[in-house]
Amino acid sequence: MQEFVPSLIELSYLVAAVLFIVGLKKLGSPATARNGNRIAAVGMLIAIVATLLHQNVLNYEMILVAIAIGSAIGALMANRVEMTAMPQMVGLLNGFGGAASALVAVGEFWRYITSTTEVPLSETVTIVLSVLIGGVTFTGSLLAFVKLEGWISGSPITFPLQQPVNLTLLGTFLVASGFLIIDPHQPFVFLGLIGIALILGVLFVLPIGGADTPVVISLLNSFSGLAASAAGFVLMNNMLIIAGALVGASGIILTEIMCKAMNRSLANVLFSAFGAAQTMTSEGGSGITGDRTLRQIDTEEGAMMLGYAKSVVIVPGYGMAVAQAQHAVRELADQLERLGVEVRYAIHPVAGRMPGHMNVLLAEANVPYPKLYDMDDINPEFDRTDVALVIGANDVVNPAARHDRNSPIYGMPILEVDRAHHTIVIKRGMNAGFSGVENELFFKDKTMMLFGSAKPVIEQLVSAVKEF
């Protein structure tokens with residue numbers, strides 16, 4: 001029986017890899033995402049059990065204790081973390097993944113230098129790559145988490161000669177790596193490589209802020225996959241190589257989708273310090289801003305406009321997520337449909353703080369999937385829409401992206417709510433979105449501002465519509 005164990009392990013890895021691919025495929029649609037997550041989780045369970053069948057496992061008790069502690073922490077996070085904090089949690093988990101891969105490399109390096117075994121060239125190279133990618137992912141993800149959590153300023157932070165400093169550190173890392181490849185038994189050089197990798201992670205994320213931070217988290221997610229794949233080569237574990245490659249590929253695809261949705265290149269996101277110098281012209285709630293006038297309504301007027309409309313398109317944004325208003329939004333839609341109003345939802349690819357953020361929130365409120373329309377499908381419908389109800393969205397509905405060449409969001413595809421017959425915008429105030437630019441939609445003749453936090457405002461609309 002013992003001679004069949006290696007074959008059983010590799011067969012289990014193959015099954016797990018297939019389940020990972022099927023799970024990723026199903027994650028591409030809100031309707032199948034939950035099943036996709038379950039399928040991928042089963043694949044990971046199979047991979048873990050198969051790995052524990054290896055004969056060179058040293059201490060099953062310690063491994064089981066670690067699994068129990070990690071599972072408890074993961075279950076607690078899954079139940080306690082709010083949807084608005086999901087990008088922060090993803091960033092934190094990315095960082096832990098990078099740290100785990102780097103620690104694997106450190107452990108393997110220590111095993112080699114404390115034995116008389118000669119370190120193979122391929123092993124040294126993969127160890128160095130694991131340290132570089134894992135270290136950058138760890139500190140970069142932690143800094144992104146801190147920025148999104150608001151513990152430090154989310155604005156880009158730059159300093160003189162920033163890029164030359166980065167290049168110097170990277171060059172130093174490459175030179176030191178060359179020395180280590182020539183003579184692997186140099187622990188102080190290896191410690192220096194670890195330190196440089198950790199510093200590069202901080203400097204990589206430091207000049208990135210605003211709406212670009214979620215893009216960088218997605219990129220760091222890809223890095224964590226690459227780090228895991230490199231650790232797989234270090235350990236000669238095929239499952240880790242495959243799983244890491246899948247995470248790396250899906251992360252870079254997601255990053256590209258987000259960049260495309262903002263009409264910007266990845267290089268522009270990483271090196272432009274976007275949003276560093278943007279300011280608002282007003283912090284007021286309503287009335288006259290500069291030489292432009294806002295039109296403000298109350299919930300009674302808003303309810304009348306919605307209740308007597310034939311078609312309404314709801315545009316959710318980060319403001320809805322912050323206020324946890326998705327259930328109230330669903331109730332409002334139900335009341336409008338009771339009156340015979342056609343209600344649909346328009347989803348921008350980067351609405352909120354990560355792709356799919358709005359889809360998940362609305363799914364939590366049991367909004368039917370067929371009512372969710374992506375940007376390309378809903379934009380042609382706005383000309384025939386009576387009321388577009390914008391809830392906490394900002395940059396993704398700013399018409400300046402279509403025509404203002406001086407705007408930093410020029411060229412970004414938007415939801416064209418200004419083409420609807422009327423637009424109601426629910427916002428707490430006149431603060432700018434992540435880009436830091438003023439939204440000209442607020443000053444359009446067909447736009448009415450309804451100021452207040454999304455949840456109580458929507459609840460007031462529901463109460464008013466119920467009386468119709």
# chains A, B, ... in the order shown; residues from 1 in each chain; ligands from 1
>>> closest_atom_pairs(of="stretch 306-346 of chain A", to="stretch 366-372 of chain A", cutoff="9 Å", atoms="only C-alpha atoms", output="JSON lines")
{"residue": "A:His327", "atom": "CA", "partner": "A:Asn366", "partner_atom": "CA", "distance": 8.3}
{"residue": "A:Arg330", "atom": "CA", "partner": "A:Val367", "partner_atom": "CA", "distance": 6.4}
{"residue": "A:Val343", "atom": "CA", "partner": "A:Lys371", "partner_atom": "CA", "distance": 7.6}
{"residue": "A:Arg344", "atom": "CA", "partner": "A:Lys371", "partner_atom": "CA", "distance": 5.1}
{"residue": "A:Tyr345", "atom": "CA", "partner": "A:Leu372", "partner_atom": "CA", "distance": 4.9}
{"residue": "A:Ala346", "atom": "CA", "partner": "A:Leu372", "partner_atom": "CA", "distance": 6.2}
>>> write_last_selection(atoms="N, CA and C atoms", output="mmCIF file, in the first residue's frame")
data_model
loop_
_atom_site.group_PDB
_atom_site.id
_atom_site.type_symbol
_atom_site.label_atom_id
_atom_site.label_comp_id
_atom_site.auth_asym_id
_atom_site.auth_seq_id
_atom_site.Cartn_x
_atom_site.Cartn_y
_atom_site.Cartn_z
ATOM 1 N N HIS A 327 -30.276 46.534 1.997
ATOM 2 C CA HIS A 327 -31.584 45.948 2.301
ATOM 3 C C HIS A 327 -32.695 46.991 2.132
ATOM 4 N N ARG A 330 -33.357 47.329 -1.555
ATOM 5 C CA ARG A 330 -34.198 46.230 -2.034
ATOM 6 C C ARG A 330 -35.667 46.483 -1.673
ATOM 7 N N VAL A 343 -37.836 48.363 -12.327
ATOM 8 C CA VAL A 343 -36.632 48.722 -11.578
ATOM 9 C C VAL A 343 -35.477 47.835 -12.013
ATOM 10 N N ARG A 344 -34.356 48.485 -12.347
ATOM 11 C CA ARG A 344 -33.130 47.765 -12.683
ATOM 12 C C ARG A 344 -31.958 48.391 -11.934
ATOM 13 N N TYR A 345 -30.849 47.660 -11.889
ATOM 14 C CA TYR A 345 -29.657 48.125 -11.188
ATOM 15 C C TYR A 345 -28.505 48.224 -12.175
ATOM 16 N N ALA A 346 -27.794 49.343 -12.143
ATOM 17 C CA ALA A 346 -26.650 49.550 -13.035
ATOM 18 C C ALA A 346 -25.361 49.382 -12.231
#
>>> closest_atom_pairs(of="stretch 320-407 of chain A", to="stretch 455-464 of chain A", cutoff="10 Å", atoms="only C-alpha atoms", output="tab-separated table")
residue	atom	partner	partner_atom	distance
A:Met320	CA	A:Lys455	CA	7.3
A:Ala321	CA	A:Lys455	CA	9.6
A:Val322	CA	A:Lys455	CA	9.2
A:Ala323	CA	A:Lys455	CA	5.6
A:Gln324	CA	A:Lys455	CA	6.7
A:Ala325	CA	A:Lys455	CA	4.5
A:Gln326	CA	A:Lys455	CA	8.1
A:His327	CA	A:Lys455	CA	8.8
A:Ala328	CA	A:Glu459	CA	6.0
A:Val329	CA	A:Ile458	CA	6.5
A:Arg330	CA	A:Ile458	CA	9.8
A:Glu331	CA	A:Val462	CA	7.0
A:Leu332	CA	A:Val462	CA	5.1
A:Ala333	CA	A:Val462	CA	8.7
A:Asp334	CA	A:Val462	CA	9.3
A:Gln335	CA	A:Val462	CA	7.0
A:Leu336	CA	A:Val462	CA	8.8
A:Ile391	CA	A:Ile458	CA	9.1
>>> write_last_selection(atoms="C-alpha atoms", output="PDB file, in the first residue's frame")
ATOM      1  CA  MET A 320     -24.520  52.625  -0.133  1.00  0.00           C
ATOM      2  CA  ALA A 321     -21.902  50.183   1.139  1.00  0.00           C
ATOM      3  CA  VAL A 322     -20.753  52.488   3.947  1.00  0.00           C
ATOM      4  CA  ALA A 323     -24.337  53.030   5.123  1.00  0.00           C
ATOM      5  CA  GLN A 324     -25.197  49.318   4.773  1.00  0.00           C
ATOM      6  CA  ALA A 325     -28.278  50.428   2.842  1.00  0.00           C
ATOM      7  CA  GLN A 326     -28.600  47.458   0.478  1.00  0.00           C
ATOM      8  CA  HIS A 327     -31.584  45.948   2.301  1.00  0.00           C
ATOM      9  CA  ALA A 328     -33.400  49.298   2.327  1.00  0.00           C
ATOM     10  CA  VAL A 329     -32.661  49.643  -1.396  1.00  0.00           C
ATOM     11  CA  ARG A 330     -34.198  46.230  -2.034  1.00  0.00           C
ATOM     12  CA  GLU A 331     -37.299  47.245  -0.044  1.00  0.00           C
ATOM     13  CA  LEU A 332     -37.595  50.471  -2.046  1.00  0.00           C
ATOM     14  CA  ALA A 333     -37.392  48.507  -5.298  1.00  0.00           C
ATOM     15  CA  ASP A 334     -40.105  46.134  -4.056  1.00  0.00           C
ATOM     16  CA  GLN A 335     -42.414  49.039  -3.253  1.00  0.00           C
ATOM     17  CA  LEU A 336     -41.814  50.645  -6.653  1.00  0.00           C
ATOM     18  CA  ILE A 391     -26.810  56.138  -4.218  1.00  0.00           C
TER      19      ILE A 391
END
>>> closest_residue(among="A:Leu167, A:Ala261, A:Leu129, A:Ala243", to="A:Ile48", atoms="only C-alpha atoms")
A:Ala243
>>> closest_atom_pairs(of="stretch 97-216 of chain A", to="stretch 71-85 of chain A", cutoff="10 Å", atoms="only C-alpha atoms", output="JSON lines")
{"residue": "A:Phe145", "atom": "CA", "partner": "A:Ala85", "partner_atom": "CA", "distance": 9.6}
{"residue": "A:Leu148", "atom": "CA", "partner": "A:Ala85", "partner_atom": "CA", "distance": 8.3}
{"residue": "A:Glu149", "atom": "CA", "partner": "A:Ala85", "partner_atom": "CA", "distance": 7.8}
>>> residues_around(residues="stretch 188-192 of chain A", least_positions_apart="3", cutoff="9 Å", atoms="only C-alpha atoms", output="list of chain:residue names")
A:Val106, A:Phe109, A:Val128, A:Phe173, A:Ala176, A:Ser177, A:Phe179, A:Leu180, A:Pro184, A:His185, A:Gly195, A:Ile196, A:Ala197
>>> residues_around(residues="A:Asn35", least_positions_apart="5", cutoff="10 Å", atoms="only C-alpha atoms", output="ChimeraX atom specification")
/A:22-23,26-27,30,40-41
>>> write_last_selection(atoms="N, CA and C atoms", output="short mmCIF file (atom, residue, chain, number, x, y, z; two decimals), in the first residue's frame")
data_model
loop_
_atom_site.label_atom_id
_atom_site.label_comp_id
_atom_site.auth_asym_id
_atom_site.auth_seq_id
_atom_site.Cartn_x
_atom_site.Cartn_y
_atom_site.Cartn_z
N VAL A 22 -12.43 24.99 -12.02
CA VAL A 22 -13.89 25.06 -12.11
C VAL A 22 -14.43 26.13 -11.16
N GLY A 23 -13.87 26.18 -9.95
CA GLY A 23 -14.29 27.19 -8.98
C GLY A 23 -14.04 28.60 -9.48
N LYS A 26 -16.61 29.59 -12.08
CA LYS A 26 -17.92 29.92 -11.50
C LYS A 26 -17.89 31.24 -10.74
N LEU A 27 -16.73 31.64 -10.25
CA LEU A 27 -16.63 32.92 -9.56
C LEU A 27 -16.83 34.11 -10.50
N PRO A 30 -22.11 36.36 -10.61
CA PRO A 30 -22.74 36.43 -9.29
C PRO A 30 -23.67 35.25 -9.02
N ALA A 40 -13.97 25.44 -4.90
CA ALA A 40 -12.55 25.73 -4.70
C ALA A 40 -12.11 25.35 -3.28
N ALA A 41 -13.00 25.56 -2.30
CA ALA A 41 -12.67 25.20 -0.92
C ALA A 41 -12.50 23.69 -0.77
#
>>> residues_around(residues="A:Arg402", least_positions_apart="6", cutoff="12 Å", atoms="only C-alpha atoms", output="JSON, numbers by chain")
{"A": [263, 395, 396, 408, 409, 410, 411, 412, 413, 414, 415, 416, 418, 440, 441]}
>>> write_last_selection(atoms="N, CA and C atoms", output="mmCIF file, in the first residue's frame")
data_model
loop_
_atom_site.group_PDB
_atom_site.id
_atom_site.type_symbol
_atom_site.label_atom_id
_atom_site.label_comp_id
_atom_site.auth_asym_id
_atom_site.auth_seq_id
_atom_site.Cartn_x
_atom_site.Cartn_y
_atom_site.Cartn_z
ATOM 1 N N ASN A 263 -9.850 53.385 -17.701
ATOM 2 C CA ASN A 263 -9.173 53.884 -18.904
ATOM 3 C C ASN A 263 -7.756 54.360 -18.599
ATOM 4 N N ASP A 395 -17.387 59.152 -8.922
ATOM 5 C CA ASP A 395 -16.564 59.214 -10.130
ATOM 6 C C ASP A 395 -17.154 58.411 -11.281
ATOM 7 N N VAL A 396 -17.830 57.306 -10.981
ATOM 8 C CA VAL A 396 -18.314 56.416 -12.035
ATOM 9 C C VAL A 396 -19.537 56.973 -12.753
ATOM 10 N N PRO A 408 -8.670 64.477 -14.621
ATOM 11 C CA PRO A 408 -7.843 63.263 -14.454
ATOM 12 C C PRO A 408 -8.605 61.971 -14.740
ATOM 13 N N ILE A 409 -9.945 62.047 -14.790
ATOM 14 C CA ILE A 409 -10.709 60.832 -15.102
ATOM 15 C C ILE A 409 -11.174 60.835 -16.558
ATOM 16 N N TYR A 410 -10.648 61.744 -17.385
ATOM 17 C CA TYR A 410 -11.066 61.813 -18.788
ATOM 18 C C TYR A 410 -10.799 60.473 -19.490
ATOM 19 N N GLY A 411 -11.811 59.995 -20.197
ATOM 20 C CA GLY A 411 -11.691 58.739 -20.919
ATOM 21 C C GLY A 411 -12.162 57.523 -20.145
ATOM 22 N N MET A 412 -12.400 57.691 -18.836
ATOM 23 C CA MET A 412 -12.879 56.557 -18.044
ATOM 24 C C MET A 412 -14.321 56.241 -18.427
ATOM 25 N N PRO A 413 -14.641 55.009 -18.770
ATOM 26 C CA PRO A 413 -16.036 54.656 -19.059
ATOM 27 C C PRO A 413 -16.905 54.886 -17.828
ATOM 28 N N ILE A 414 -18.066 55.519 -18.015
ATOM 29 C CA ILE A 414 -18.946 55.828 -16.887
ATOM 30 C C ILE A 414 -20.354 55.315 -17.152
ATOM 31 N N LEU A 415 -21.160 55.282 -16.105
ATOM 32 C CA LEU A 415 -22.586 55.046 -16.235
ATOM 33 C C LEU A 415 -23.236 56.382 -16.603
ATOM 34 N N GLU A 416 -23.875 56.445 -17.743
ATOM 35 C CA GLU A 416 -24.335 57.723 -18.302
ATOM 36 C C GLU A 416 -25.707 58.105 -17.754
ATOM 37 N N ASP A 418 -26.675 60.883 -16.643
ATOM 38 C CA ASP A 418 -27.129 62.225 -17.025
ATOM 39 C C ASP A 418 -28.010 62.192 -18.266
ATOM 40 N N GLU A 440 -19.473 67.090 -12.048
ATOM 41 C CA GLU A 440 -20.338 68.057 -12.725
ATOM 42 C C GLU A 440 -21.771 67.563 -12.872
ATOM 43 N N LEU A 441 -21.998 66.276 -12.640
ATOM 44 C CA LEU A 441 -23.374 65.761 -12.688
ATOM 45 C C LEU A 441 -24.266 66.500 -11.695
#
>>> select_by_dssp(residues="stretch 170-403 of chain A", states="strand (DSSP E or B)", output="number ranges by chain")
A: 288-289, 292-293, 296, 311-316, 342-347, 372-374, 387-391
>>> write_last_selection(atoms="C-alpha atoms", output="PDB file, in the first residue's frame")
ATOM      1  CA  ILE A 288     -24.679  77.809  -4.899  1.00  0.00           C
ATOM      2  CA  THR A 289     -21.193  76.427  -5.514  1.00  0.00           C
ATOM      3  CA  ARG A 292     -23.192  76.959 -10.414  1.00  0.00           C
ATOM      4  CA  THR A 293     -26.434  76.106  -8.657  1.00  0.00           C
ATOM      5  CA  GLN A 296     -32.075  70.111  -3.886  1.00  0.00           C
ATOM      6  CA  SER A 311     -38.778  53.005 -15.259  1.00  0.00           C
ATOM      7  CA  VAL A 312     -36.115  53.528 -12.583  1.00  0.00           C
ATOM      8  CA  VAL A 313     -32.440  52.565 -12.710  1.00  0.00           C
ATOM      9  CA  ILE A 314     -30.683  52.348  -9.347  1.00  0.00           C
ATOM     10  CA  VAL A 315     -26.938  53.067  -9.390  1.00  0.00           C
ATOM     11  CA  PRO A 316     -25.294  51.837  -6.157  1.00  0.00           C
ATOM     12  CA  GLU A 342     -39.717  48.765 -13.811  1.00  0.00           C
ATOM     13  CA  VAL A 343     -36.632  48.722 -11.578  1.00  0.00           C
ATOM     14  CA  ARG A 344     -33.130  47.765 -12.683  1.00  0.00           C
ATOM     15  CA  TYR A 345     -29.657  48.125 -11.188  1.00  0.00           C
ATOM     16  CA  ALA A 346     -26.650  49.550 -13.035  1.00  0.00           C
ATOM     17  CA  ILE A 347     -23.273  48.151 -11.920  1.00  0.00           C
ATOM     18  CA  LEU A 372     -28.280  43.565 -12.322  1.00  0.00           C
ATOM     19  CA  TYR A 373     -26.981  45.128 -15.539  1.00  0.00           C
ATOM     20  CA  ASP A 374     -23.360  45.867 -16.325  1.00  0.00           C
ATOM     21  CA  VAL A 387     -35.391  58.382 -13.093  1.00  0.00           C
ATOM     22  CA  ALA A 388     -31.819  57.343 -12.402  1.00  0.00           C
ATOM     23  CA  LEU A 389     -31.313  56.991  -8.638  1.00  0.00           C
ATOM     24  CA  VAL A 390     -27.619  57.353  -7.736  1.00  0.00           C
ATOM     25  CA  ILE A 391     -26.810  56.138  -4.218  1.00  0.00           C
TER      26      ILE A 391
END
>>> residues_around(residues="A:Lys25", least_positions_apart="5", cutoff="12 Å", atoms="only C-alpha atoms", output="short mmCIF file (atom, residue, chain, number, x, y, z; two decimals) with N, CA and C atoms, in the first residue's frame")
data_model
loop_
_atom_site.label_atom_id
_atom_site.label_comp_id
_atom_site.auth_asym_id
_atom_site.auth_seq_id
_atom_site.Cartn_x
_atom_site.Cartn_y
_atom_site.Cartn_z
N VAL A 18 -8.20 20.68 -10.82
CA VAL A 18 -9.42 20.77 -11.64
C VAL A 18 -10.51 21.53 -10.88
N LEU A 19 -10.66 21.23 -9.59
CA LEU A 19 -11.67 21.92 -8.78
C LEU A 19 -11.34 23.41 -8.65
N PHE A 20 -10.07 23.76 -8.55
CA PHE A 20 -9.68 25.17 -8.51
C PHE A 20 -10.11 25.89 -9.79
N PRO A 30 -22.11 36.36 -10.61
CA PRO A 30 -22.74 36.43 -9.29
C PRO A 30 -23.67 35.25 -9.02
N ALA A 31 -24.29 34.73 -10.08
CA ALA A 31 -25.26 33.64 -9.91
C ALA A 31 -24.60 32.34 -9.47
N THR A 32 -23.34 32.15 -9.82
CA THR A 32 -22.65 30.88 -9.51
C THR A 32 -21.48 31.06 -8.56
N ALA A 33 -21.25 32.28 -8.08
CA ALA A 33 -20.05 32.56 -7.29
C ALA A 33 -20.00 31.76 -5.99
N ARG A 34 -21.15 31.61 -5.33
CA ARG A 34 -21.14 30.87 -4.06
C ARG A 34 -20.74 29.41 -4.27
N ASN A 35 -21.30 28.80 -5.29
CA ASN A 35 -20.94 27.41 -5.59
C ASN A 35 -19.47 27.31 -5.99
N GLY A 36 -19.00 28.30 -6.75
CA GLY A 36 -17.60 28.32 -7.14
C GLY A 36 -16.68 28.38 -5.94
N ASN A 37 -17.05 29.18 -4.95
CA ASN A 37 -16.25 29.30 -3.73
C ASN A 37 -16.22 27.97 -2.98
N ILE A 39 -16.67 24.94 -4.28
CA ILE A 39 -15.90 23.97 -5.07
C ILE A 39 -14.40 24.17 -4.86
N ALA A 40 -13.97 25.44 -4.90
CA ALA A 40 -12.55 25.73 -4.70
C ALA A 40 -12.11 25.35 -3.28
N LEU A 246 -2.43 29.91 -10.64
CA LEU A 246 -3.83 30.30 -10.85
C LEU A 246 -4.14 31.62 -10.16
N SER A 250 -5.11 35.00 -12.21
CA SER A 250 -6.41 35.64 -11.97
C SER A 250 -6.23 37.04 -11.40
#
>>> closest_residue(among="A:Ala454, A:Ala100, A:Leu270, A:Leu339", to="A:Ile208", atoms="only C-alpha atoms")
A:Leu270
>>> residues_around(residues="A:Met304", least_positions_apart="3", cutoff="9 Å", atoms="only C-alpha atoms", output="VMD selection string")
chain A and resid 299 to 301 307 to 309 464 to 465 468
>>> closest_residue(among="A:Gly225, A:Gly107, A:Pro156, A:Pro187", to="A:Gly244", atoms="only C-alpha atoms")
A:Gly225
>>> atom_distance(atom1="atom CA of A:Met354", atom2="atom CA of A:Ile252")
13.9 Å
>>> closest_residue(among="A:Met448, A:Leu8, A:Val425, A:Val202", to="A:Arg295", atoms="only C-alpha atoms")
A:Met448
>>> closest_residue(among="A:Met262, A:Ala363, A:Leu450, A:Ile378", to="A:Ser29", atoms="only C-alpha atoms")
A:Ala363
>>> closest_residue(among="A:Thr213, A:Asn56, A:Gln162, A:Asn359", to="A:Leu142", atoms="only C-alpha atoms")
A:Thr213
>>> decode(residues="stretch 365-381 of chain A", atoms="N, CA and C atoms", output="PDB file, in the first residue's frame")
ATOM      1  N   ALA A 365     -28.723  41.225  -0.105  1.00  0.00           N
ATOM      2  CA  ALA A 365     -30.095  41.699   0.094  1.00  0.00           C
ATOM      3  C   ALA A 365     -31.095  40.928  -0.759  1.00  0.00           C
ATOM      4  N   ASN A 366     -30.628  39.846  -1.396  1.00  0.00           N
ATOM      5  CA  ASN A 366     -31.490  38.980  -2.222  1.00  0.00           C
ATOM      6  C   ASN A 366     -32.100  39.701  -3.418  1.00  0.00           C
ATOM      7  N   VAL A 367     -31.353  40.631  -3.998  1.00  0.00           N
ATOM      8  CA  VAL A 367     -31.784  41.247  -5.251  1.00  0.00           C
ATOM      9  C   VAL A 367     -31.591  40.222  -6.367  1.00  0.00           C
ATOM     10  N   PRO A 368     -32.611  39.948  -7.175  1.00  0.00           N
ATOM     11  CA  PRO A 368     -32.486  38.931  -8.240  1.00  0.00           C
ATOM     12  C   PRO A 368     -31.360  39.279  -9.217  1.00  0.00           C
ATOM     13  N   TYR A 369     -30.551  38.288  -9.566  1.00  0.00           N
ATOM     14  CA  TYR A 369     -29.417  38.525 -10.467  1.00  0.00           C
ATOM     15  C   TYR A 369     -29.830  39.107 -11.818  1.00  0.00           C
ATOM     16  N   PRO A 370     -30.971  38.696 -12.408  1.00  0.00           N
ATOM     17  CA  PRO A 370     -31.334  39.253 -13.725  1.00  0.00           C
ATOM     18  C   PRO A 370     -31.583  40.756 -13.706  1.00  0.00           C
ATOM     19  N   LYS A 371     -31.776  41.332 -12.541  1.00  0.00           N
ATOM     20  CA  LYS A 371     -32.013  42.775 -12.467  1.00  0.00           C
ATOM     21  C   LYS A 371     -30.714  43.581 -12.456  1.00  0.00           C
ATOM     22  N   LEU A 372     -29.573  42.885 -12.332  1.00  0.00           N
ATOM     23  CA  LEU A 372     -28.280  43.565 -12.322  1.00  0.00           C
ATOM     24  C   LEU A 372     -27.747  43.673 -13.745  1.00  0.00           C
ATOM     25  N   TYR A 373     -27.466  44.889 -14.186  1.00  0.00           N
ATOM     26  CA  TYR A 373     -26.981  45.128 -15.539  1.00  0.00           C
ATOM     27  C   TYR A 373     -25.590  45.749 -15.470  1.00  0.00           C
ATOM     28  N   ASP A 374     -24.673  45.235 -16.293  1.00  0.00           N
ATOM     29  CA  ASP A 374     -23.360  45.867 -16.325  1.00  0.00           C
ATOM     30  C   ASP A 374     -23.417  47.141 -17.168  1.00  0.00           C
ATOM     31  N   MET A 375     -22.333  47.871 -17.147  1.00  0.00           N
ATOM     32  CA  MET A 375     -22.293  49.204 -17.748  1.00  0.00           C
ATOM     33  C   MET A 375     -22.637  49.195 -19.231  1.00  0.00           C
ATOM     34  N   ASP A 376     -22.078  48.289 -19.990  1.00  0.00           N
ATOM     35  CA  ASP A 376     -22.304  48.272 -21.438  1.00  0.00           C
ATOM     36  C   ASP A 376     -23.752  47.964 -21.786  1.00  0.00           C
ATOM     37  N   ASP A 377     -24.419  47.162 -20.961  1.00  0.00           N
ATOM     38  CA  ASP A 377     -25.804  46.797 -21.248  1.00  0.00           C
ATOM     39  C   ASP A 377     -26.799  47.876 -20.838  1.00  0.00           C
ATOM     40  N   ILE A 378     -26.503  48.599 -19.748  1.00  0.00           N
ATOM     41  CA  ILE A 378     -27.484  49.564 -19.231  1.00  0.00           C
ATOM     42  C   ILE A 378     -27.337  50.945 -19.848  1.00  0.00           C
ATOM     43  N   ASN A 379     -26.140  51.323 -20.295  1.00  0.00           N
ATOM     44  CA  ASN A 379     -25.963  52.683 -20.819  1.00  0.00           C
ATOM     45  C   ASN A 379     -26.915  53.033 -21.956  1.00  0.00           C
ATOM     46  N   PRO A 380     -27.175  52.145 -22.934  1.00  0.00           N
ATOM     47  CA  PRO A 380     -28.131  52.497 -23.994  1.00  0.00           C
ATOM     48  C   PRO A 380     -29.558  52.682 -23.479  1.00  0.00           C
ATOM     49  N   GLU A 381     -29.852  52.227 -22.253  1.00  0.00           N
ATOM     50  CA  GLU A 381     -31.204  52.300 -21.706  1.00  0.00           C
ATOM     51  C   GLU A 381     -31.489  53.604 -20.967  1.00  0.00           C
TER      52      GLU A 381
END
